[in-house]
Amino acid sequence: MNFVINGQSLSADVDVRTSLLDLLREHLGLTGSKKGCNQGACGACTVLVDGERINSCLALAVQYQGRAITTVEGLATGADLHALQRAFIEHDGFQCGYCTPGQLCSAVAMAAELRRGVPSHVTSNLANEAIALTSDELRERMSGNLCRCGAYNGIVAAISEVYA
Ligand code: FES
Ligand code: FES
């Protein structure tokens, strides 16, 4: 199978039942994306596909050939961290760091959803073309990314600083 991951063309000879998460971690050595629950409940495995966030543990790799896949390894530009990565460091947005790659990818896509005016469960005015990142919107939209360390205050502060 042939993939485009973080702007690079990569190939792998894998069983068609391989999940996108296992492809990344076990076959391509991209271990930034984490396996928490392996059943779509924790968000640790979140990656971007054509700019939209998905749980890679629930995705079959074969379906994502030819799509632009971005993992946490692709957020930085060389040695320059993404603004959100810098904000997570500044605001102590992690403790063990296991959930952090998923939090970062999820927040990047969430900001794009807001810019496109994609409503959430707590959006009051569905007619708005762009939606402000209020505290309620942030918490609702990031609720699929769990943090067992409870670093939520730092995570919210970091995301707010970059995108509010
Ligand atoms: S490992 Fe994919 S959602 Fe938990
Ligand atoms: S920082 Fe440990 S799970 Fe979130």
# chains A, B, ... in the order shown; residues from 1 in each chain; ligands from 1
call {"tool": "residues_around", "arguments": {"residues": "Gly144 of chain A", "least_positions_apart": "2", "cutoff": "9 Å", "atoms": "only C-alpha atoms", "output": "list in words"}}
result
Gly40, Ala41, Cys42, Gly43, Ser106, Glu140, Arg141, Met142 and Leu146 of chain A
call {"tool": "residues_around", "arguments": {"residues": "Phe94 of chain A", "least_positions_apart": "3", "cutoff": "7 Å", "atoms": "only C-alpha atoms", "output": "PyMOL selection string"}}
result
chain A and resi 97+100+151
call {"tool": "residues_around", "arguments": {"residues": "segment 20-37 of chain A", "least_positions_apart": "3", "cutoff": "7 Å", "atoms": "only C-alpha atoms", "output": "list of chain:residue names"}}
result
A:Ala12, A:Gly40, A:Ala41, A:Cys42, A:Ala44, A:Cys45, A:Thr46, A:Ser56, A:Cys57, A:Ala59, A:Leu60, A:Ala61, A:Thr71, A:Val72, A:Glu73, A:Tyr98, A:Pro101, A:Gly102
call {"tool": "write_last_selection", "arguments": {"atoms": "N, CA and C atoms", "output": "JSON list (two decimals), in the first residue's frame"}}
result
[["chain", "number", "residue", "atom", "x", "y", "z"],
["A", 12, "ALA", "N", 4.13, 0.38, 2.35],
["A", 12, "ALA", "CA", 4.21, -0.69, 3.35],
["A", 12, "ALA", "C", 3.49, -1.91, 2.81],
["A", 40, "GLY", "N", -11.68, 3.69, 20.02],
["A", 40, "GLY", "CA", -12.36, 4.95, 19.68],
["A", 40, "GLY", "C", -12.86, 5.75, 20.86],
["A", 41, "ALA", "N", -12.38, 5.47, 22.06],
["A", 41, "ALA", "CA", -12.93, 6.16, 23.22],
["A", 41, "ALA", "C", -12.02, 7.22, 23.84],
["A", 42, "CYS", "N", -10.73, 7.23, 23.52],
["A", 42, "CYS", "CA", -9.81, 8.11, 24.28],
["A", 42, "CYS", "C", -9.17, 9.22, 23.47],
["A", 44, "ALA", "N", -6.29, 9.25, 21.96],
["A", 44, "ALA", "CA", -4.81, 9.28, 21.96],
["A", 44, "ALA", "C", -4.24, 9.03, 20.57],
["A", 45, "CYS", "N", -5.02, 8.40, 19.71],
["A", 45, "CYS", "CA", -4.54, 8.02, 18.38],
["A", 45, "CYS", "C", -4.94, 9.02, 17.30],
["A", 46, "THR", "N", -5.45, 10.19, 17.69],
["A", 46, "THR", "CA", -5.99, 11.15, 16.71],
["A", 46, "THR", "C", -4.91, 11.61, 15.72],
["A", 56, "SER", "N", -7.36, 7.06, 14.55],
["A", 56, "SER", "CA", -6.69, 6.14, 13.63],
["A", 56, "SER", "C", -6.81, 4.70, 14.06],
["A", 57, "CYS", "N", -7.19, 4.44, 15.33],
["A", 57, "CYS", "CA", -7.36, 3.05, 15.76],
["A", 57, "CYS", "C", -8.60, 2.42, 15.14],
["A", 59, "ALA", "N", -9.66, 3.21, 12.03],
["A", 59, "ALA", "CA", -9.58, 3.38, 10.58],
["A", 59, "ALA", "C", -8.74, 2.28, 9.97],
["A", 60, "LEU", "N", -9.22, 1.70, 8.88],
["A", 60, "LEU", "CA", -8.41, 0.72, 8.15],
["A", 60, "LEU", "C", -7.44, 1.48, 7.25],
["A", 61, "ALA", "N", -6.17, 1.16, 7.36],
["A", 61, "ALA", "CA", -5.14, 1.88, 6.60],
["A", 61, "ALA", "C", -5.45, 1.86, 5.11],
["A", 71, "THR", "N", 0.49, 13.34, 11.09],
["A", 71, "THR", "CA", 0.59, 12.88, 12.47],
["A", 71, "THR", "C", 1.27, 13.98, 13.29],
["A", 72, "VAL", "N", 1.40, 13.74, 14.58],
["A", 72, "VAL", "CA", 2.04, 14.75, 15.43],
["A", 72, "VAL", "C", 3.46, 15.05, 14.95],
["A", 73, "GLU", "N", 4.11, 14.05, 14.35],
["A", 73, "GLU", "CA", 5.48, 14.28, 13.86],
["A", 73, "GLU", "C", 5.50, 15.33, 12.75],
["A", 98, "TYR", "N", 1.22, 11.06, 27.33],
["A", 98, "TYR", "CA", 0.68, 9.99, 26.48],
["A", 98, "TYR", "C", -0.47, 10.48, 25.60],
["A", 101, "PRO", "N", -0.01, 13.88, 21.87],
["A", 101, "PRO", "CA", -0.07, 13.91, 20.40],
["A", 101, "PRO", "C", -1.51, 13.99, 19.88],
["A", 102, "GLY", "N", -2.40, 13.25, 20.52],
["A", 102, "GLY", "CA", -3.81, 13.28, 20.11],
["A", 102, "GLY", "C", -4.45, 14.63, 20.42]]
call {"tool": "select_by_dssp", "arguments": {"residues": "segment 21-78 of chain A", "states": "strand (DSSP E)", "output": "MDAnalysis selection string"}}
result
chainID A and resid 46:49 52:55 68:70
call {"tool": "write_last_selection", "arguments": {"atoms": "N, CA and C atoms", "output": "short mmCIF file (atom, residue, chain, number, x, y, z; two decimals), in the first residue's frame"}}
result
data_model
loop_
_atom_site.label_atom_id
_atom_site.label_comp_id
_atom_site.auth_asym_id
_atom_site.auth_seq_id
_atom_site.Cartn_x
_atom_site.Cartn_y
_atom_site.Cartn_z
N THR A 46 -5.45 10.19 17.69
CA THR A 46 -5.99 11.15 16.71
C THR A 46 -4.91 11.61 15.72
N VAL A 47 -5.24 11.53 14.44
CA VAL A 47 -4.38 12.07 13.38
C VAL A 47 -5.27 12.89 12.45
N LEU A 48 -4.64 13.60 11.53
CA LEU A 48 -5.39 14.41 10.56
C LEU A 48 -5.37 13.72 9.20
N VAL A 49 -6.51 13.69 8.55
CA VAL A 49 -6.60 13.20 7.17
C VAL A 49 -7.24 14.31 6.35
N GLU A 52 -8.77 16.89 8.51
CA GLU A 52 -9.83 16.56 9.46
C GLU A 52 -9.33 15.49 10.43
N ARG A 53 -9.81 15.57 11.68
CA ARG A 53 -9.32 14.64 12.71
C ARG A 53 -10.09 13.32 12.68
N ILE A 54 -9.36 12.26 12.84
CA ILE A 54 -10.00 10.94 12.94
C ILE A 54 -9.27 10.12 14.02
N ASN A 55 -9.96 9.13 14.54
CA ASN A 55 -9.33 8.16 15.44
C ASN A 55 -8.68 7.08 14.57
N ALA A 68 -3.99 12.85 2.34
CA ALA A 68 -2.90 13.54 3.03
C ALA A 68 -3.03 13.31 4.53
N ILE A 69 -2.18 12.45 5.06
CA ILE A 69 -2.22 12.09 6.49
C ILE A 69 -1.17 12.92 7.22
N THR A 70 -1.59 13.53 8.34
CA THR A 70 -0.63 14.27 9.17
C THR A 70 -0.68 13.70 10.57
#
call {"tool": "atom_distance", "arguments": {"atom1": "atom CA of Ser120 of chain A", "atom2": "atom CA of Ala76 of chain A"}}
result
27.9 Å
call {"tool": "select_by_dssp", "arguments": {"residues": "chain A", "states": "alpha helix (DSSP H)", "output": "VMD selection string"}}
result
chain A and resid 20 to 22 83 to 90 100 to 115 135 to 141 152 to 163
call {"tool": "atom_distance", "arguments": {"atom1": "atom CA of Glu113 of chain A", "atom2": "atom CA of Leu133 of chain A"}}
result
10.5 Å
call {"tool": "closest_residue", "arguments": {"among": "A:Ile155, A:Cys99, A:Ala79, A:Ile131", "to": "Arg115 of chain A", "atoms": "only C-alpha atoms"}}
result
A:Ile131
call {"tool": "closest_residue", "arguments": {"among": "A:Gln95, A:Ala112, A:Ala130, A:Ser160", "to": "ligand 2", "atoms": "only C-alpha atoms and all ligand atoms"}}
result
A:Gln95
call {"tool": "closest_residue", "arguments": {"among": "A:Ala107, A:Leu126, A:Leu75, A:Val14", "to": "Ile159 of chain A", "atoms": "only C-alpha atoms"}}
result
A:Ala107
call {"tool": "closest_residue", "arguments": {"among": "A:Cys147, A:Leu138, A:Val122, A:Val4", "to": "ligand 1", "atoms": "only C-alpha atoms and all ligand atoms"}}
result
A:Cys147
call {"tool": "closest_residue", "arguments": {"among": "A:Gly93, A:Met110, A:Ala164, A:Thr123", "to": "ligand 2", "atoms": "only C-alpha atoms and all ligand atoms"}}
result
A:Gly93
call {"tool": "atom_distance", "arguments": {"atom1": "atom CA of Gly51 of chain A", "atom2": "atom CA of Asn145 of chain A"}}
result
17.2 Å
call {"tool": "closest_residue", "arguments": {"among": "A:Ser11, A:Gln63, A:Thr134, A:Gln103", "to": "ligand 2", "atoms": "only C-alpha atoms and all ligand atoms"}}
result
A:Gln103
call {"tool": "residues_around", "arguments": {"residues": "Gln65 of chain A", "least_positions_apart": "2", "cutoff": "6 Å", "atoms": "only C-alpha atoms", "output": "JSON, numbers by chain"}}
result
{"A": [2, 3, 62, 63, 67]}
call {"tool": "residues_around", "arguments": {"residues": "Ala157 of chain A", "least_positions_apart": "3", "cutoff": "10 Å", "atoms": "only C-alpha atoms", "output": "JSON, numbers by chain"}}
result
{"A": [87, 88, 90, 91, 92, 93, 135, 152, 153, 154, 160, 161, 162, 164]}
call {"tool": "write_last_selection", "arguments": {"atoms": "N, CA and C atoms", "output": "PDB file, in the first residue's frame"}}
result
ATOM      1  N   ALA A  87       2.888  26.260  23.140  1.00  0.00           N
ATOM      2  CA  ALA A  87       1.928  26.676  24.170  1.00  0.00           C
ATOM      3  C   ALA A  87       1.695  25.555  25.187  1.00  0.00           C
ATOM      4  N   PHE A  88       1.669  24.303  24.730  1.00  0.00           N
ATOM      5  CA  PHE A  88       1.511  23.179  25.666  1.00  0.00           C
ATOM      6  C   PHE A  88       2.682  23.141  26.643  1.00  0.00           C
ATOM      7  N   GLU A  90       4.577  25.739  27.507  1.00  0.00           N
ATOM      8  CA  GLU A  90       4.499  26.948  28.341  1.00  0.00           C
ATOM      9  C   GLU A  90       3.449  26.817  29.437  1.00  0.00           C
ATOM     10  N   HIS A  91       2.321  26.182  29.122  1.00  0.00           N
ATOM     11  CA  HIS A  91       1.203  26.112  30.073  1.00  0.00           C
ATOM     12  C   HIS A  91       1.128  24.777  30.820  1.00  0.00           C
ATOM     13  N   ASP A  92       2.176  23.971  30.756  1.00  0.00           N
ATOM     14  CA  ASP A  92       2.133  22.647  31.404  1.00  0.00           C
ATOM     15  C   ASP A  92       0.894  21.865  30.955  1.00  0.00           C
ATOM     16  N   GLY A  93       0.709  21.778  29.650  1.00  0.00           N
ATOM     17  CA  GLY A  93      -0.465  21.089  29.113  1.00  0.00           C
ATOM     18  C   GLY A  93      -0.310  19.578  29.073  1.00  0.00           C
ATOM     19  N   SER A 135     -15.107  29.074  26.032  1.00  0.00           N
ATOM     20  CA  SER A 135     -14.707  28.000  26.936  1.00  0.00           C
ATOM     21  C   SER A 135     -15.594  26.759  26.740  1.00  0.00           C
ATOM     22  N   TYR A 152      -6.017  18.971  32.260  1.00  0.00           N
ATOM     23  CA  TYR A 152      -6.980  19.728  31.445  1.00  0.00           C
ATOM     24  C   TYR A 152      -6.813  21.246  31.559  1.00  0.00           C
ATOM     25  N   ASN A 153      -6.505  21.752  32.754  1.00  0.00           N
ATOM     26  CA  ASN A 153      -6.376  23.217  32.875  1.00  0.00           C
ATOM     27  C   ASN A 153      -5.286  23.742  31.950  1.00  0.00           C
ATOM     28  N   GLY A 154      -4.151  23.062  31.912  1.00  0.00           N
ATOM     29  CA  GLY A 154      -3.061  23.475  31.036  1.00  0.00           C
ATOM     30  C   GLY A 154      -3.403  23.304  29.565  1.00  0.00           C
ATOM     31  N   SER A 160      -6.446  27.829  24.196  1.00  0.00           N
ATOM     32  CA  SER A 160      -7.057  29.172  24.207  1.00  0.00           C
ATOM     33  C   SER A 160      -6.041  30.222  23.760  1.00  0.00           C
ATOM     34  N   GLU A 161      -4.812  30.096  24.244  1.00  0.00           N
ATOM     35  CA  GLU A 161      -3.823  31.101  23.883  1.00  0.00           C
ATOM     36  C   GLU A 161      -3.584  31.152  22.383  1.00  0.00           C
ATOM     37  N   VAL A 162      -3.588  30.002  21.753  1.00  0.00           N
ATOM     38  CA  VAL A 162      -3.262  29.963  20.325  1.00  0.00           C
ATOM     39  C   VAL A 162      -4.476  30.263  19.447  1.00  0.00           C
ATOM     40  N   ALA A 164      -8.003  31.231  20.619  1.00  0.00           N
ATOM     41  CA  ALA A 164      -9.204  31.970  21.049  1.00  0.00           C
ATOM     42  C   ALA A 164      -9.287  33.313  20.339  1.00  0.00           C
TER      43      ALA A 164
END
call {"tool": "decode", "arguments": {"residues": "segment 85-99 of chain A", "atoms": "all heavy atoms", "output": "short mmCIF file (atom, residue, chain, number, x, y, z; two decimals), in the first residue's frame"}}
result
data_model
loop_
_atom_site.label_atom_id
_atom_site.label_comp_id
_atom_site.auth_asym_id
_atom_site.auth_seq_id
_atom_site.Cartn_x
_atom_site.Cartn_y
_atom_site.Cartn_z
N GLN A 85 2.31 23.41 20.09
CA GLN A 85 3.27 22.62 20.86
C GLN A 85 4.01 23.52 21.86
O GLN A 85 4.21 23.14 23.01
CB GLN A 85 4.27 21.93 19.92
CG GLN A 85 3.63 20.83 19.09
CD GLN A 85 4.57 20.26 18.04
OE1 GLN A 85 5.15 20.99 17.24
NE2 GLN A 85 4.72 18.95 18.04
N ARG A 86 4.40 24.71 21.41
CA ARG A 86 5.08 25.63 22.31
C ARG A 86 4.16 26.04 23.46
O ARG A 86 4.57 26.13 24.62
CB ARG A 86 5.56 26.88 21.54
CG ARG A 86 6.70 26.60 20.59
CD ARG A 86 7.42 27.90 20.20
NE ARG A 86 6.53 28.86 19.55
CZ ARG A 86 6.28 28.88 18.25
NH1 ARG A 86 6.87 28.00 17.45
NH2 ARG A 86 5.45 29.76 17.73
N ALA A 87 2.89 26.26 23.14
CA ALA A 87 1.93 26.68 24.17
C ALA A 87 1.69 25.56 25.19
O ALA A 87 1.54 25.81 26.38
CB ALA A 87 0.61 27.09 23.52
N PHE A 88 1.67 24.30 24.73
CA PHE A 88 1.51 23.18 25.67
C PHE A 88 2.68 23.14 26.64
O PHE A 88 2.51 22.86 27.83
CB PHE A 88 1.42 21.84 24.90
CG PHE A 88 0.01 21.39 24.64
CD1 PHE A 88 -0.85 22.14 23.85
CD2 PHE A 88 -0.48 20.21 25.20
CE1 PHE A 88 -2.15 21.73 23.60
CE2 PHE A 88 -1.78 19.79 24.97
CZ PHE A 88 -2.61 20.54 24.17
N ILE A 89 3.88 23.41 26.17
CA ILE A 89 5.06 23.43 27.05
C ILE A 89 4.93 24.59 28.05
O ILE A 89 5.10 24.42 29.25
CB ILE A 89 6.35 23.55 26.22
CG1 ILE A 89 6.55 22.29 25.39
CG2 ILE A 89 7.55 23.80 27.14
CD1 ILE A 89 7.66 22.40 24.36
N GLU A 90 4.58 25.74 27.51
CA GLU A 90 4.50 26.95 28.34
C GLU A 90 3.45 26.82 29.44
O GLU A 90 3.64 27.27 30.56
CB GLU A 90 4.14 28.12 27.42
CG GLU A 90 4.41 29.49 27.98
CD GLU A 90 4.07 30.54 26.94
OE1 GLU A 90 4.51 30.41 25.79
OE2 GLU A 90 3.31 31.45 27.30
N HIS A 91 2.32 26.18 29.12
CA HIS A 91 1.20 26.11 30.07
C HIS A 91 1.13 24.78 30.82
O HIS A 91 0.11 24.49 31.44
CB HIS A 91 -0.12 26.37 29.34
CG HIS A 91 -0.28 27.78 28.86
ND1 HIS A 91 -0.68 28.81 29.68
CD2 HIS A 91 -0.05 28.33 27.65
CE1 HIS A 91 -0.72 29.94 28.99
NE2 HIS A 91 -0.34 29.68 27.76
N ASP A 92 2.18 23.97 30.76
CA ASP A 92 2.13 22.65 31.40
C ASP A 92 0.89 21.86 30.95
O ASP A 92 0.13 21.35 31.78
CB ASP A 92 2.12 22.77 32.93
CG ASP A 92 3.48 23.21 33.47
OD1 ASP A 92 4.49 22.91 32.82
OD2 ASP A 92 3.51 23.86 34.53
N GLY A 93 0.71 21.78 29.65
CA GLY A 93 -0.46 21.09 29.11
C GLY A 93 -0.31 19.58 29.07
O GLY A 93 -1.03 18.91 28.33
N PHE A 94 0.61 19.03 29.84
CA PHE A 94 0.77 17.58 29.90
C PHE A 94 1.53 17.20 31.16
O PHE A 94 2.22 18.02 31.76
CB PHE A 94 1.52 17.04 28.67
CG PHE A 94 2.84 17.74 28.43
CD1 PHE A 94 3.99 17.31 29.08
CD2 PHE A 94 2.92 18.80 27.56
CE1 PHE A 94 5.20 17.95 28.86
CE2 PHE A 94 4.13 19.46 27.34
CZ PHE A 94 5.28 19.04 27.99
N GLN A 95 1.36 15.92 31.53
CA GLN A 95 2.19 15.37 32.59
C GLN A 95 2.97 14.18 32.01
O GLN A 95 4.12 14.33 31.64
CB GLN A 95 1.34 14.98 33.80
CG GLN A 95 0.81 16.22 34.52
CD GLN A 95 -0.02 15.88 35.73
OE1 GLN A 95 0.28 14.96 36.48
NE2 GLN A 95 -1.07 16.66 35.96
N CYS A 96 2.31 13.02 31.83
CA CYS A 96 3.05 11.90 31.23
C CYS A 96 3.25 12.10 29.73
O CYS A 96 4.16 11.53 29.15
CB CYS A 96 2.32 10.58 31.50
SG CYS A 96 0.84 10.34 30.49
N GLY A 97 2.35 12.85 29.10
CA GLY A 97 2.48 13.13 27.67
C GLY A 97 1.83 12.11 26.76
O GLY A 97 1.88 12.26 25.54
N TYR A 98 1.22 11.06 27.33
CA TYR A 98 0.68 9.99 26.48
C TYR A 98 -0.47 10.48 25.60
O TYR A 98 -0.59 10.09 24.45
CB TYR A 98 0.23 8.81 27.34
CG TYR A 98 0.15 7.52 26.55
CD1 TYR A 98 1.29 6.76 26.32
CD2 TYR A 98 -1.07 7.08 26.03
CE1 TYR A 98 1.23 5.59 25.58
CE2 TYR A 98 -1.13 5.92 25.29
CZ TYR A 98 0.01 5.17 25.07
OH TYR A 98 -0.05 4.03 24.33
N CYS A 99 -1.30 11.35 26.15
CA CYS A 99 -2.46 11.83 25.39
C CYS A 99 -2.09 13.01 24.48
O CYS A 99 -2.89 13.42 23.64
CB CYS A 99 -3.57 12.28 26.33
SG CYS A 99 -3.21 13.84 27.21
#
